[in-house]
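A.B. asks: To start, I am sharing the structure in question, which I have written as structure tokens.
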Amino acid sequence: MVCLVVGFGVASAVQAATPNVVLIFTDDQGYGDLGCFGSETIRTPNIDRLAREGRKFTSFMVASPVCTPSRAALLTGCYPKRVGLHQHVLFPTST
């Protein structure tokens with residue numbers, strides 16, 4: 001019985017230590033477009049708060065300069081060319 005109780009305690013402690021991950025993936029945004037990265041022109045209080053309370057990455061790259069290929073790379077873990085999405089942008093009306 002003691003092992004069972006200790007096991008549940010360890011399992012809940014491990015579960016509580018799991019981080020929450022929020023990934024914000026935007027299109028056509030420059031490094032200085034957010035307040036948390038130094039913008040004095042554009043006010044982004046909610047994103048600034050997320051950056052202040054969490055982890056802020058300062059070195060980042062995408063697989064492509066346009067949205068569809070870079071999102072495909074993020075979701076598949078492959079370069080866009082490997083999944084056939086390296087030349088085109090998919091729109092909601094695309095078939």
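For the structure tokens, the naming scheme is as follows: chains receive sequential letters (A, B, ...) according to their order of presentation, residues are indexed from 1 within each chain, and ligands are indexed from 1 in presentation order.
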If you run DSSP over the backbone, which residues in chain A end up alpha helix (DSSP H)? Put them as a ChimeraX atom specification.
C.D. replies: /A:2-16,45-53,67-76
A.B. asks: Suppose we keep N, CA and C atoms; can you now write the selection as an mmCIF file, in the first residue's frame?
C.D. replies:
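Output file out_28.cif is given in full below:
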data_model
loop_
_atom_site.group_PDB
_atom_site.id
_atom_site.type_symbol
_atom_site.label_atom_id
_atom_site.label_comp_id
_atom_site.auth_asym_id
_atom_site.auth_seq_id
_atom_site.Cartn_x
_atom_site.Cartn_y
_atom_site.Cartn_z
ATOM 1 N N VAL A 2 1.951 1.245 0.791
ATOM 2 C CA VAL A 2 2.841 2.403 0.858
ATOM 3 C C VAL A 2 3.476 2.662 -0.508
ATOM 4 N N CYS A 3 3.906 1.594 -1.186
ATOM 5 C CA CYS A 3 4.502 1.757 -2.520
ATOM 6 C C CYS A 3 3.501 2.367 -3.489
ATOM 7 N N LEU A 4 2.261 1.958 -3.388
ATOM 8 C CA LEU A 4 1.224 2.483 -4.262
ATOM 9 C C LEU A 4 1.026 3.980 -4.031
ATOM 10 N N VAL A 5 0.967 4.402 -2.779
ATOM 11 C CA VAL A 5 0.787 5.814 -2.441
ATOM 12 C C VAL A 5 2.000 6.627 -2.880
ATOM 13 N N VAL A 6 3.208 6.112 -2.634
ATOM 14 C CA VAL A 6 4.425 6.807 -3.042
ATOM 15 C C VAL A 6 4.481 6.908 -4.566
ATOM 16 N N GLY A 7 4.097 5.848 -5.255
ATOM 17 C CA GLY A 7 4.084 5.858 -6.718
ATOM 18 C C GLY A 7 3.164 6.922 -7.269
ATOM 19 N N PHE A 8 1.974 7.054 -6.698
ATOM 20 C CA PHE A 8 1.056 8.096 -7.157
ATOM 21 C C PHE A 8 1.606 9.485 -6.861
ATOM 22 N N GLY A 9 2.289 9.640 -5.732
ATOM 23 C CA GLY A 9 2.886 10.932 -5.394
ATOM 24 C C GLY A 9 3.963 11.328 -6.381
ATOM 25 N N VAL A 10 4.798 10.368 -6.774
ATOM 26 C CA VAL A 10 5.855 10.638 -7.746
ATOM 27 C C VAL A 10 5.249 10.950 -9.111
ATOM 28 N N ALA A 11 4.231 10.198 -9.496
ATOM 29 C CA ALA A 11 3.593 10.429 -10.794
ATOM 30 C C ALA A 11 2.978 11.821 -10.868
ATOM 31 N N SER A 12 2.325 12.259 -9.800
ATOM 32 C CA SER A 12 1.718 13.592 -9.832
ATOM 33 C C SER A 12 2.781 14.681 -9.788
ATOM 34 N N ALA A 13 3.914 14.432 -9.116
ATOM 35 C CA ALA A 13 4.995 15.413 -9.091
ATOM 36 C C ALA A 13 5.616 15.557 -10.476
ATOM 37 N N VAL A 14 5.770 14.444 -11.183
ATOM 38 C CA VAL A 14 6.318 14.496 -12.537
ATOM 39 C C VAL A 14 5.344 15.208 -13.466
ATOM 40 N N GLN A 15 4.074 14.920 -13.302
ATOM 41 C CA GLN A 15 3.062 15.547 -14.139
ATOM 42 C C GLN A 15 3.023 17.065 -13.911
ATOM 43 N N ALA A 16 3.174 17.505 -12.680
ATOM 44 C CA ALA A 16 3.136 18.934 -12.371
ATOM 45 C C ALA A 16 4.348 19.664 -12.948
ATOM 46 N N PRO A 45 1.394 44.557 -25.445
ATOM 47 C CA PRO A 45 1.472 44.276 -24.010
ATOM 48 C C PRO A 45 1.251 42.807 -23.646
ATOM 49 N N ASN A 46 0.357 42.112 -24.326
ATOM 50 C CA ASN A 46 0.096 40.717 -23.972
ATOM 51 C C ASN A 46 1.251 39.803 -24.363
ATOM 52 N N ILE A 47 1.805 40.019 -25.545
ATOM 53 C CA ILE A 47 2.967 39.226 -25.952
ATOM 54 C C ILE A 47 4.165 39.577 -25.081
ATOM 55 N N ASP A 48 4.304 40.849 -24.714
ATOM 56 C CA ASP A 48 5.392 41.263 -23.823
ATOM 57 C C ASP A 48 5.291 40.552 -22.478
ATOM 58 N N ARG A 49 4.071 40.407 -21.966
ATOM 59 C CA ARG A 49 3.873 39.713 -20.688
ATOM 60 C C ARG A 49 4.228 38.235 -20.817
ATOM 61 N N LEU A 50 3.815 37.596 -21.913
ATOM 62 C CA LEU A 50 4.185 36.195 -22.138
ATOM 63 C C LEU A 50 5.705 36.037 -22.180
ATOM 64 N N ALA A 51 6.383 36.957 -22.850
ATOM 65 C CA ALA A 51 7.843 36.896 -22.945
ATOM 66 C C ALA A 51 8.497 37.116 -21.586
ATOM 67 N N ARG A 52 7.940 38.020 -20.802
ATOM 68 C CA ARG A 52 8.491 38.319 -19.481
ATOM 69 C C ARG A 52 8.330 37.140 -18.526
ATOM 70 N N GLU A 53 7.193 36.458 -18.601
ATOM 71 C CA GLU A 53 6.900 35.366 -17.668
ATOM 72 C C GLU A 53 7.419 34.012 -18.146
ATOM 73 N N CYS A 67 4.575 31.661 -45.765
ATOM 74 C CA CYS A 67 3.861 30.938 -44.719
ATOM 75 C C CYS A 67 3.692 29.439 -44.944
ATOM 76 N N THR A 68 3.168 29.002 -46.067
ATOM 77 C CA THR A 68 2.842 27.587 -46.244
ATOM 78 C C THR A 68 4.061 26.678 -46.099
ATOM 79 N N PRO A 69 5.177 26.943 -46.780
ATOM 80 C CA PRO A 69 6.329 26.057 -46.607
ATOM 81 C C PRO A 69 6.900 26.065 -45.191
ATOM 82 N N SER A 70 6.941 27.222 -44.547
ATOM 83 C CA SER A 70 7.506 27.259 -43.195
ATOM 84 C C SER A 70 6.591 26.558 -42.195
ATOM 85 N N ARG A 71 5.283 26.658 -42.366
ATOM 86 C CA ARG A 71 4.354 25.925 -41.494
ATOM 87 C C ARG A 71 4.441 24.426 -41.749
ATOM 88 N N ALA A 72 4.601 24.030 -43.009
ATOM 89 C CA ALA A 72 4.760 22.609 -43.325
ATOM 90 C C ALA A 72 6.009 22.055 -42.648
ATOM 91 N N ALA A 73 7.094 22.819 -42.662
ATOM 92 C CA ALA A 73 8.323 22.380 -42.007
ATOM 93 C C ALA A 73 8.125 22.252 -40.500
ATOM 94 N N LEU A 74 7.424 23.193 -39.907
ATOM 95 C CA LEU A 74 7.167 23.150 -38.468
ATOM 96 C C LEU A 74 6.336 21.926 -38.095
ATOM 97 N N LEU A 75 5.303 21.640 -38.876
ATOM 98 C CA LEU A 75 4.390 20.545 -38.546
ATOM 99 C C LEU A 75 4.935 19.165 -38.892
ATOM 100 N N THR A 76 5.796 19.062 -39.903
ATOM 101 C CA THR A 76 6.291 17.749 -40.319
ATOM 102 C C THR A 76 7.707 17.456 -39.847
#
A.B. asks: Any idea what the distance is between CA of Thr58 (chain A) and CA of Tyr79 (chain A)?
C.D. replies: 22.0 Å
A.B. asks: Out of A:Ser64, A:Ser59, A:Thr44, A:Thr93, which residue has the shortest atom-to-atom distance to Pro80 (chain A) when counting only C-alpha atoms?
C.D. replies: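 That would be A:Ser64, the residue with the smallest distance to Pro80 (chain A).
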A.B. asks: Find, counting only C-alpha atoms, the residue in A:Val21, A:Ile42, A:Val62, A:Cys36 that gets nearest to Cys78 (chain A).
C.D. replies: A:Val62
